[in-house]
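Asks: If it helps, the file is called model.pdb and holds PDB, C-alpha atoms, pLDDT in the B column:
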ATOM      1  CA  MET A  20      27.500 214.813 169.880  1.00 45.00           C
ATOM      2  CA  SER A  21      25.787 213.420 166.764  1.00 46.00           C
ATOM      3  CA  SER A  22      25.396 209.927 168.268  1.00 58.00           C
ATOM      4  CA  ARG A  23      23.400 211.150 171.265  1.00 69.00           C
ATOM      5  CA  SER A  24      19.699 210.571 171.699  1.00 83.00           C
ATOM      6  CA  LEU A  25      17.091 213.232 171.062  1.00 84.00           C
ATOM      7  CA  LEU A  26      16.362 213.536 174.792  1.00 89.00           C
ATOM      8  CA  SER A  27      20.011 214.182 175.618  1.00 88.00           C
ATOM      9  CA  LEU A  28      20.233 216.749 172.777  1.00 87.00           C
ATOM     10  CA  VAL A  29      17.194 218.565 174.195  1.00 91.00           C
ATOM     11  CA  ALA A  30      18.717 218.543 177.691  1.00 92.00           C
ATOM     12  CA  ILE A  31      22.048 219.825 176.367  1.00 90.00           C
ATOM     13  CA  PHE A  32      20.225 222.459 174.308  1.00 92.00           C
ATOM     14  CA  LEU A  33      18.264 223.719 177.323  1.00 94.00           C
ATOM     15  CA  ASN A  34      21.415 223.804 179.423  1.00 94.00           C
ATOM     16  CA  ILE A  35      23.778 225.446 176.920  1.00 92.00           C
ATOM     17  CA  VAL A  36      21.407 227.711 174.992  1.00 93.00           C
ATOM     18  CA  ILE A  37      18.934 228.795 177.692  1.00 94.00           C
ATOM     19  CA  MET A  38      20.030 228.216 181.303  1.00 95.00           C
ATOM     20  CA  THR A  39      23.763 228.935 181.042  1.00 94.00           C
ATOM     21  CA  PRO A  40      23.410 232.325 179.299  1.00 94.00           C
ATOM     22  CA  VAL A  41      20.774 233.453 181.808  1.00 95.00           C
ATOM     23  CA  PHE A  42      22.933 232.443 184.772  1.00 95.00           C
ATOM     24  CA  GLU A  43      26.148 233.893 183.304  1.00 94.00           C
ATOM     25  CA  GLU A  44      24.569 237.195 182.298  1.00 94.00           C
ATOM     26  CA  LEU A  45      23.004 237.608 185.719  1.00 93.00           C
ATOM     27  CA  LEU A  46      26.318 236.841 187.417  1.00 93.00           C
ATOM     28  CA  PHE A  47      28.874 238.529 185.143  1.00 92.00           C
ATOM     29  CA  ARG A  48      26.882 241.503 183.874  1.00 91.00           C
ATOM     30  CA  LYS A  49      24.043 242.279 186.271  1.00 90.00           C
ATOM     31  CA  ILE A  50      25.805 241.535 189.569  1.00 91.00           C
ATOM     32  CA  MET A  51      29.516 242.019 188.767  1.00 89.00           C
ATOM     33  CA  MET A  52      29.096 245.019 186.483  1.00 87.00           C
ATOM     34  CA  GLY A  53      26.722 246.579 188.978  1.00 85.00           C
ATOM     35  CA  PHE A  54      29.197 246.079 191.802  1.00 87.00           C
ATOM     36  CA  PHE A  55      32.410 247.080 190.014  1.00 84.00           C
ATOM     37  CA  SER A  56      30.959 249.974 187.985  1.00 80.00           C
ATOM     38  CA  ARG A  57      30.364 251.965 191.149  1.00 79.00           C
ATOM     39  CA  ASN A  58      34.076 252.797 191.138  1.00 76.00           C
ATOM     40  CA  HIS A  59      35.083 252.834 187.478  1.00 83.00           C
ATOM     41  CA  LEU A  60      33.322 251.576 184.362  1.00 85.00           C
ATOM     42  CA  ILE A  61      36.388 250.469 182.375  1.00 87.00           C
ATOM     43  CA  ILE A  62      37.704 248.487 185.362  1.00 88.00           C
ATOM     44  CA  ALA A  63      34.277 246.865 185.687  1.00 90.00           C
ATOM     45  CA  ILE A  64      34.345 245.818 182.020  1.00 91.00           C
ATOM     46  CA  ILE A  65      37.865 244.387 182.296  1.00 91.00           C
ATOM     47  CA  LEU A  66      37.233 242.535 185.580  1.00 92.00           C
ATOM     48  CA  SER A  67      33.930 241.096 184.393  1.00 93.00           C
ATOM     49  CA  SER A  68      35.565 239.957 181.135  1.00 93.00           C
ATOM     50  CA  LEU A  69      38.478 238.399 183.036  1.00 94.00           C
ATOM     51  CA  PHE A  70      36.149 236.506 185.382  1.00 94.00           C
ATOM     52  CA  PHE A  71      34.076 235.352 182.393  1.00 94.00           C
ATOM     53  CA  THR A  72      37.266 234.132 180.691  1.00 93.00           C
ATOM     54  CA  SER A  73      38.524 232.338 183.796  1.00 92.00           C
ATOM     55  CA  VAL A  74      35.274 230.393 184.189  1.00 91.00           C
ATOM     56  CA  HIS A  75      35.401 229.182 180.572  1.00 89.00           C
ATOM     57  CA  ILE A  76      39.063 228.148 180.459  1.00 88.00           C
ATOM     58  CA  ASN A  77      39.825 224.496 179.903  1.00 83.00           C
ATOM     59  CA  PHE A  78      43.136 224.245 181.752  1.00 79.00           C
ATOM     60  CA  ASN A  79      44.139 221.155 179.763  1.00 80.00           C
ATOM     61  CA  GLU A  80      43.955 223.056 176.474  1.00 81.00           C
ATOM     62  CA  ILE A  81      44.924 226.677 177.191  1.00 81.00           C
ATOM     63  CA  ASN A  82      46.047 228.668 174.170  1.00 86.00           C
ATOM     64  CA  SER A  83      46.205 232.356 173.362  1.00 86.00           C
ATOM     65  CA  PHE A  84      43.465 232.177 170.709  1.00 84.00           C
ATOM     66  CA  THR A  85      40.980 230.753 173.207  1.00 86.00           C
ATOM     67  CA  LEU A  86      41.903 233.328 175.844  1.00 90.00           C
ATOM     68  CA  ILE A  87      41.538 236.208 173.382  1.00 90.00           C
ATOM     69  CA  THR A  88      38.233 234.828 172.074  1.00 89.00           C
ATOM     70  CA  LEU A  89      36.755 234.371 175.549  1.00 91.00           C
ATOM     71  CA  PHE A  90      37.931 237.766 176.757  1.00 93.00           C
ATOM     72  CA  SER A  91      36.578 239.428 173.592  1.00 91.00           C
ATOM     73  CA  PHE A  92      33.205 237.763 174.070  1.00 93.00           C
ATOM     74  CA  GLY A  93      33.103 238.957 177.676  1.00 93.00           C
ATOM     75  CA  PHE A  94      34.159 242.459 176.631  1.00 92.00           C
ATOM     76  CA  ILE A  95      31.547 242.655 173.860  1.00 90.00           C
ATOM     77  CA  SER A  96      28.904 241.377 176.281  1.00 92.00           C
ATOM     78  CA  CYS A  97      29.807 244.088 178.797  1.00 91.00           C
ATOM     79  CA  VAL A  98      29.606 246.818 176.169  1.00 87.00           C
ATOM     80  CA  LEU A  99      26.276 245.482 174.882  1.00 88.00           C
ATOM     81  CA  TYR A 100      24.972 245.345 178.436  1.00 90.00           C
ATOM     82  CA  ILE A 101      25.993 248.944 179.090  1.00 87.00           C
ATOM     83  CA  ARG A 102      24.711 250.264 175.797  1.00 83.00           C
ATOM     84  CA  PHE A 103      21.510 248.266 175.228  1.00 85.00           C
ATOM     85  CA  GLY A 104      20.627 246.628 178.539  1.00 87.00           C
ATOM     86  CA  PHE A 105      20.257 243.161 179.946  1.00 90.00           C
ATOM     87  CA  ILE A 106      17.735 241.661 177.506  1.00 91.00           C
ATOM     88  CA  TYR A 107      19.689 242.460 174.323  1.00 89.00           C
ATOM     89  CA  ASN A 108      22.895 241.211 175.884  1.00 90.00           C
ATOM     90  CA  LEU A 109      21.152 238.017 176.988  1.00 92.00           C
ATOM     91  CA  LEU A 110      19.844 237.508 173.445  1.00 91.00           C
ATOM     92  CA  PHE A 111      23.388 237.987 172.088  1.00 91.00           C
ATOM     93  CA  HIS A 112      24.660 235.301 174.482  1.00 93.00           C
ATOM     94  CA  VAL A 113      21.769 232.939 173.692  1.00 93.00           C
ATOM     95  CA  PHE A 114      22.284 233.275 169.921  1.00 90.00           C
ATOM     96  CA  SER A 115      26.053 232.801 170.292  1.00 91.00           C
ATOM     97  CA  ASN A 116      25.518 229.606 172.260  1.00 92.00           C
ATOM     98  CA  LEU A 117      22.855 228.507 169.760  1.00 91.00           C
ATOM     99  CA  ILE A 118      25.318 228.903 166.882  1.00 87.00           C
ATOM    100  CA  TRP A 119      27.924 226.942 168.850  1.00 88.00           C
ATOM    101  CA  PHE A 120      25.359 224.211 169.583  1.00 90.00           C
ATOM    102  CA  ILE A 121      24.322 223.924 165.919  1.00 86.00           C
ATOM    103  CA  VAL A 122      27.944 223.769 164.748  1.00 83.00           C
ATOM    104  CA  ASP A 123      28.816 221.212 167.430  1.00 84.00           C
ATOM    105  CA  VAL A 124      25.857 218.966 166.598  1.00 84.00           C
ATOM    106  CA  ASN A 125      26.722 219.188 162.892  1.00 80.00           C
ATOM    107  CA  ARG A 126      30.490 219.159 163.339  1.00 79.00           C
ATOM    108  CA  HIS A 127      31.100 216.506 160.669  1.00 80.00           C
ATOM    109  CA  THR A 128      29.229 218.518 158.039  1.00 80.00           C
ATOM    110  CA  TYR A 129      31.007 221.663 159.207  1.00 73.00           C
ATOM    111  CA  TRP A 130      34.448 220.090 158.758  1.00 76.00           C
ATOM    112  CA  LYS A 131      33.483 218.841 155.285  1.00 79.00           C
ATOM    113  CA  LEU A 132      32.489 222.408 154.395  1.00 73.00           C
ATOM    114  CA  LEU A 133      35.799 223.745 155.733  1.00 70.00           C
ATOM    115  CA  LYS A 134      37.670 221.195 153.603  1.00 74.00           C
ATOM    116  CA  ILE A 135      35.763 222.465 150.561  1.00 73.00           C
ATOM    117  CA  PHE A 136      36.897 226.025 151.359  1.00 68.00           C
ATOM    118  CA  ASP A 137      40.383 224.560 151.933  1.00 71.00           C
ATOM    119  CA  PHE A 138      41.290 227.580 154.104  1.00 70.00           C
ATOM    120  CA  GLY A 139      41.758 229.498 150.876  1.00 70.00           C
ATOM    121  CA  PHE A 140      40.850 232.980 149.736  1.00 73.00           C
ATOM    122  CA  PHE A 141      37.080 232.616 150.260  1.00 72.00           C
ATOM    123  CA  TYR A 142      37.464 231.283 153.819  1.00 70.00           C
ATOM    124  CA  TRP A 143      39.882 234.008 154.883  1.00 74.00           C
ATOM    125  CA  GLY A 144      37.736 236.625 153.141  1.00 79.00           C
ATOM    126  CA  ILE A 145      34.771 235.618 155.314  1.00 78.00           C
ATOM    127  CA  ILE A 146      36.960 235.675 158.447  1.00 78.00           C
ATOM    128  CA  ILE A 147      38.393 239.128 157.632  1.00 84.00           C
ATOM    129  CA  ILE A 148      34.958 240.589 156.830  1.00 87.00           C
ATOM    130  CA  CYS A 149      33.492 239.226 160.090  1.00 81.00           C
ATOM    131  CA  PHE A 150      36.462 240.494 162.083  1.00 80.00           C
ATOM    132  CA  GLY A 151      36.108 243.913 160.434  1.00 84.00           C
ATOM    133  CA  ILE A 152      32.410 244.091 161.288  1.00 83.00           C
ATOM    134  CA  ILE A 153      33.069 243.125 164.914  1.00 79.00           C
ATOM    135  CA  LEU A 154      35.917 245.630 165.177  1.00 81.00           C
ATOM    136  CA  TYR A 155      33.754 248.388 163.662  1.00 83.00           C
ATOM    137  CA  LEU A 156      30.917 247.669 166.106  1.00 78.00           C
ATOM    138  CA  MET A 157      33.278 247.597 169.085  1.00 74.00           C
ATOM    139  CA  ILE A 158      34.874 250.923 168.096  1.00 79.00           C
ATOM    140  CA  ARG A 159      31.486 252.506 167.506  1.00 78.00           C
ATOM    141  CA  LEU A 160      30.060 251.308 170.828  1.00 72.00           C
ATOM    142  CA  PHE A 161      33.210 252.290 172.705  1.00 70.00           C
ATOM    143  CA  SER A 162      33.189 255.768 171.132  1.00 75.00           C
ATOM    144  CA  GLN A 163      29.572 256.208 172.255  1.00 72.00           C
ATOM    145  CA  ILE A 164      30.588 255.334 175.819  1.00 67.00           C
ATOM    146  CA  ILE A 165      33.404 257.875 175.643  1.00 70.00           C
ATOM    147  CA  LYS A 166      31.010 260.481 174.202  1.00 72.00           C
ATOM    148  CA  ILE A 167      28.595 259.909 177.085  1.00 65.00           C
ATOM    149  CA  ASN A 168      31.449 260.224 179.596  1.00 63.00           C
ATOM    150  CA  ASN A 169      32.644 263.446 177.936  1.00 65.00           C
ATOM    151  CA  SER A 170      29.147 264.912 177.815  1.00 64.00           C
ATOM    152  CA  GLU A 171      28.835 264.080 181.497  1.00 52.00           C
ATOM    153  CA  SER A 172      31.245 266.938 182.274  1.00 50.00           C
ATOM    154  CA  GLY A 173      28.912 269.392 180.499  1.00 47.00           C
ATOM    155  CA  TYR A 174      26.054 267.893 182.445  1.00 41.00           C
ATOM    156  CA  LEU A 175      28.021 268.429 185.657  1.00 40.00           C
ATOM    157  CA  ASN A 176      28.522 272.109 184.895  1.00 46.00           C
ATOM    158  CA  GLN A 177      24.749 272.531 184.761  1.00 45.00           C
ATOM    159  CA  LEU A 178      24.267 270.782 188.101  1.00 42.00           C
ATOM    160  CA  GLY A 179      27.171 272.337 189.959  1.00 46.00           C
ATOM    161  CA  ASN A 180      29.245 269.901 192.008  1.00 44.00           C
ATOM    162  CA  THR A 181      26.726 267.055 192.162  1.00 45.00           C
ATOM    163  CA  LYS A 182      28.035 264.168 190.098  1.00 42.00           C
ATOM    164  CA  PRO A 183      25.779 261.309 188.997  1.00 41.00           C
ATOM    165  CA  SER A 184      27.405 257.913 189.474  1.00 47.00           C
ATOM    166  CA  ILE A 185      28.408 255.717 186.540  1.00 46.00           C
ATOM    167  CA  TYR A 186      26.015 253.154 187.982  1.00 46.00           C
ATOM    168  CA  SER A 187      23.014 255.506 187.715  1.00 46.00           C
ATOM    169  CA  ILE A 188      23.909 256.475 184.139  1.00 41.00           C
ATOM    170  CA  PHE A 189      24.627 253.074 182.578  1.00 44.00           C
ATOM    171  CA  ILE A 190      23.225 250.240 184.659  1.00 45.00           C
ATOM    172  CA  LYS A 191      19.467 249.905 184.499  1.00 42.00           C
TER     173      LYS A 191
END
Produce structure tokens that represent the structure in this file.

Replies:
Amino acid sequence: MSSRSLLSLVAIFLNIVIMTPVFEELLFRKIMMGFFSRNHLIIAIILSSLFFTSVHINFNEINSFTLITLFSFGFISCVLYIRFGFIYNLLFHVFSNLIWFIVDVNRHTYWKLLKIFDFGFFYWGIIIICFGIILYLMIRLFSQIIKINNSESGYLNQLGNTKPSIYSIFIK
């Protein structure tokens, strides 16, 4: 991408960093999560993540790492959407695509930096720390969802038999 003109870089930037996240978050989180969460929230998260993954698959280069990465991104986006709402989830997607865009534009410099790290202790230390932070955040967010679901039963006892829908609790 480094040999492209400034105009094409701006067009690619607008497409990848602005328009695509808005469209995908509206489709996969706002519409799909809203539709599927009427029945069951966990199923909605899994289905939305699977659809997100299927749209991003390059069928010529399928591998398990890519599938896990795409599904994890979709899953994290669903949890962020449920917990913090549409805007924060959209910002997460925009910043993720921005990081990808910056790395892709500067891919030659990035590979030189990786050769300096030589996939040694420092490189794997950064990877393990980042993975640990992501895992911690996912567990914490998921435990908050479970806590809300568990407290819902106490809420139901106060109301009698009327049960609020998952949609009315989580989706804004």

Asks: Calculated over all atoms listed in the file, which of the candidates A:Phe161, A:Val113, A:Ile152, A:Trp143 has the smallest distance to Val41 of chain A?

Replies: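 Comparing A:Phe161, A:Val113, A:Ile152, A:Trp143 against Val41 of chain A, the winner is A:Val113.
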
Asks: Taking the file above as input, evaluate the PyMOL selection byres ((chain A and resi 97) around 8) and report the hits as a list in words.

Replies: Arg48, Met52, Ile64, Ser67, Ser68, Gly93, Phe94, Ile95, Ser96, Val98, Leu99, Tyr100 and Ile101 of chain A

Asks: Neighbouring residues of Phe32 of chain A were defined as those with any atom within 12 Å, considering only C-alpha atoms; residues of the same chain fewer than 3 positions away were excluded. Please report them as a PyMOL selection string.

Replies: chain A and resi 20+25-29+35-40+113-114+116-121+123-124

Asks: Name the residues captured by the PyMOL selection byres ((chain A and resi 55) around 12) when it is applied to the shown file; answer as a list in words.

Replies: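 Evaluating the PyMOL selection byres ((chain A and resi 55) around 12) on this file yields Phe47, Arg48, Lys49, Ile50, Met51, Met52, Gly53, Phe54, Ser56, Arg57, Asn58, His59, Leu60, Ile61, Ile62, Ala63, Ile64, Ile65, Leu66, Ser67, Ser68, Cys97, Ser184, Ile185, Tyr186 and Ile190 of chain A.
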
Asks: So for segment 58-75 of chain A, what box centre and size do we get, axis-aligned, 8 Å extra on each of the six sides, every listed atom, Å to one decimal, as JSON?

Replies:
{"center_x": 35.9, "center_y": 241.0, "center_z": 185.9, "size_x": 21.2, "size_y": 39.7, "size_z": 26.6}

Asks: Write segment 122-139 of chain A as a PDB file, keeping the file's coordinate frame, completed to N, CA and C atoms.

Replies:
ATOM      1  N   VAL A 122      26.675 224.191 165.357  1.00 83.00           N
ATOM      2  CA  VAL A 122      27.944 223.769 164.748  1.00 83.00           C
ATOM      3  C   VAL A 122      28.447 222.492 165.407  1.00 83.00           C
ATOM      4  N   ASP A 123      28.322 222.397 166.735  1.00 84.00           N
ATOM      5  CA  ASP A 123      28.816 221.212 167.430  1.00 84.00           C
ATOM      6  C   ASP A 123      28.008 219.969 167.068  1.00 84.00           C
ATOM      7  N   VAL A 124      26.701 220.115 166.961  1.00 84.00           N
ATOM      8  CA  VAL A 124      25.857 218.966 166.598  1.00 84.00           C
ATOM      9  C   VAL A 124      26.167 218.528 165.167  1.00 84.00           C
ATOM     10  N   ASN A 125      26.448 219.480 164.304  1.00 80.00           N
ATOM     11  CA  ASN A 125      26.722 219.188 162.892  1.00 80.00           C
ATOM     12  C   ASN A 125      28.209 219.297 162.570  1.00 80.00           C
ATOM     13  N   ARG A 126      29.041 218.935 163.503  1.00 79.00           N
ATOM     14  CA  ARG A 126      30.490 219.159 163.339  1.00 79.00           C
ATOM     15  C   ARG A 126      31.067 218.423 162.138  1.00 79.00           C
ATOM     16  N   HIS A 127      30.556 217.244 161.812  1.00 80.00           N
ATOM     17  CA  HIS A 127      31.100 216.506 160.669  1.00 80.00           C
ATOM     18  C   HIS A 127      30.802 217.233 159.360  1.00 80.00           C
ATOM     19  N   THR A 128      29.594 217.740 159.223  1.00 80.00           N
ATOM     20  CA  THR A 128      29.229 218.518 158.039  1.00 80.00           C
ATOM     21  C   THR A 128      30.037 219.806 157.983  1.00 80.00           C
ATOM     22  N   TYR A 129      30.238 220.424 159.130  1.00 73.00           N
ATOM     23  CA  TYR A 129      31.007 221.663 159.207  1.00 73.00           C
ATOM     24  C   TYR A 129      32.443 221.437 158.731  1.00 73.00           C
ATOM     25  N   TRP A 130      33.069 220.360 159.182  1.00 76.00           N
ATOM     26  CA  TRP A 130      34.448 220.090 158.758  1.00 76.00           C
ATOM     27  C   TRP A 130      34.534 219.761 157.275  1.00 76.00           C
ATOM     28  N   LYS A 131      33.513 219.087 156.734  1.00 79.00           N
ATOM     29  CA  LYS A 131      33.483 218.841 155.285  1.00 79.00           C
ATOM     30  C   LYS A 131      33.417 220.163 154.522  1.00 79.00           C
ATOM     31  N   LEU A 132      32.602 221.090 155.027  1.00 73.00           N
ATOM     32  CA  LEU A 132      32.489 222.408 154.395  1.00 73.00           C
ATOM     33  C   LEU A 132      33.817 223.163 154.466  1.00 73.00           C
ATOM     34  N   LEU A 133      34.499 223.088 155.615  1.00 70.00           N
ATOM     35  CA  LEU A 133      35.799 223.745 155.733  1.00 70.00           C
ATOM     36  C   LEU A 133      36.825 223.142 154.774  1.00 70.00           C
ATOM     37  N   LYS A 134      36.750 221.819 154.558  1.00 74.00           N
ATOM     38  CA  LYS A 134      37.670 221.195 153.603  1.00 74.00           C
ATOM     39  C   LYS A 134      37.386 221.670 152.181  1.00 74.00           C
ATOM     40  N   ILE A 135      36.107 221.928 151.875  1.00 73.00           N
ATOM     41  CA  ILE A 135      35.763 222.465 150.561  1.00 73.00           C
ATOM     42  C   ILE A 135      36.382 223.847 150.379  1.00 73.00           C
ATOM     43  N   PHE A 136      36.293 224.696 151.423  1.00 68.00           N
ATOM     44  CA  PHE A 136      36.897 226.025 151.359  1.00 68.00           C
ATOM     45  C   PHE A 136      38.417 225.932 151.356  1.00 68.00           C
ATOM     46  N   ASP A 137      38.951 224.837 151.928  1.00 71.00           N
ATOM     47  CA  ASP A 137      40.383 224.560 151.933  1.00 71.00           C
ATOM     48  C   ASP A 137      41.210 225.708 152.521  1.00 71.00           C
ATOM     49  N   PHE A 138      40.616 226.454 153.448  1.00 70.00           N
ATOM     50  CA  PHE A 138      41.290 227.580 154.104  1.00 70.00           C
ATOM     51  C   PHE A 138      41.924 228.517 153.077  1.00 70.00           C
ATOM     52  N   GLY A 139      41.247 228.650 151.953  1.00 70.00           N
ATOM     53  CA  GLY A 139      41.758 229.498 150.876  1.00 70.00           C
ATOM     54  C   GLY A 139      41.226 230.916 150.967  1.00 70.00           C
TER      55      GLY A 139
END
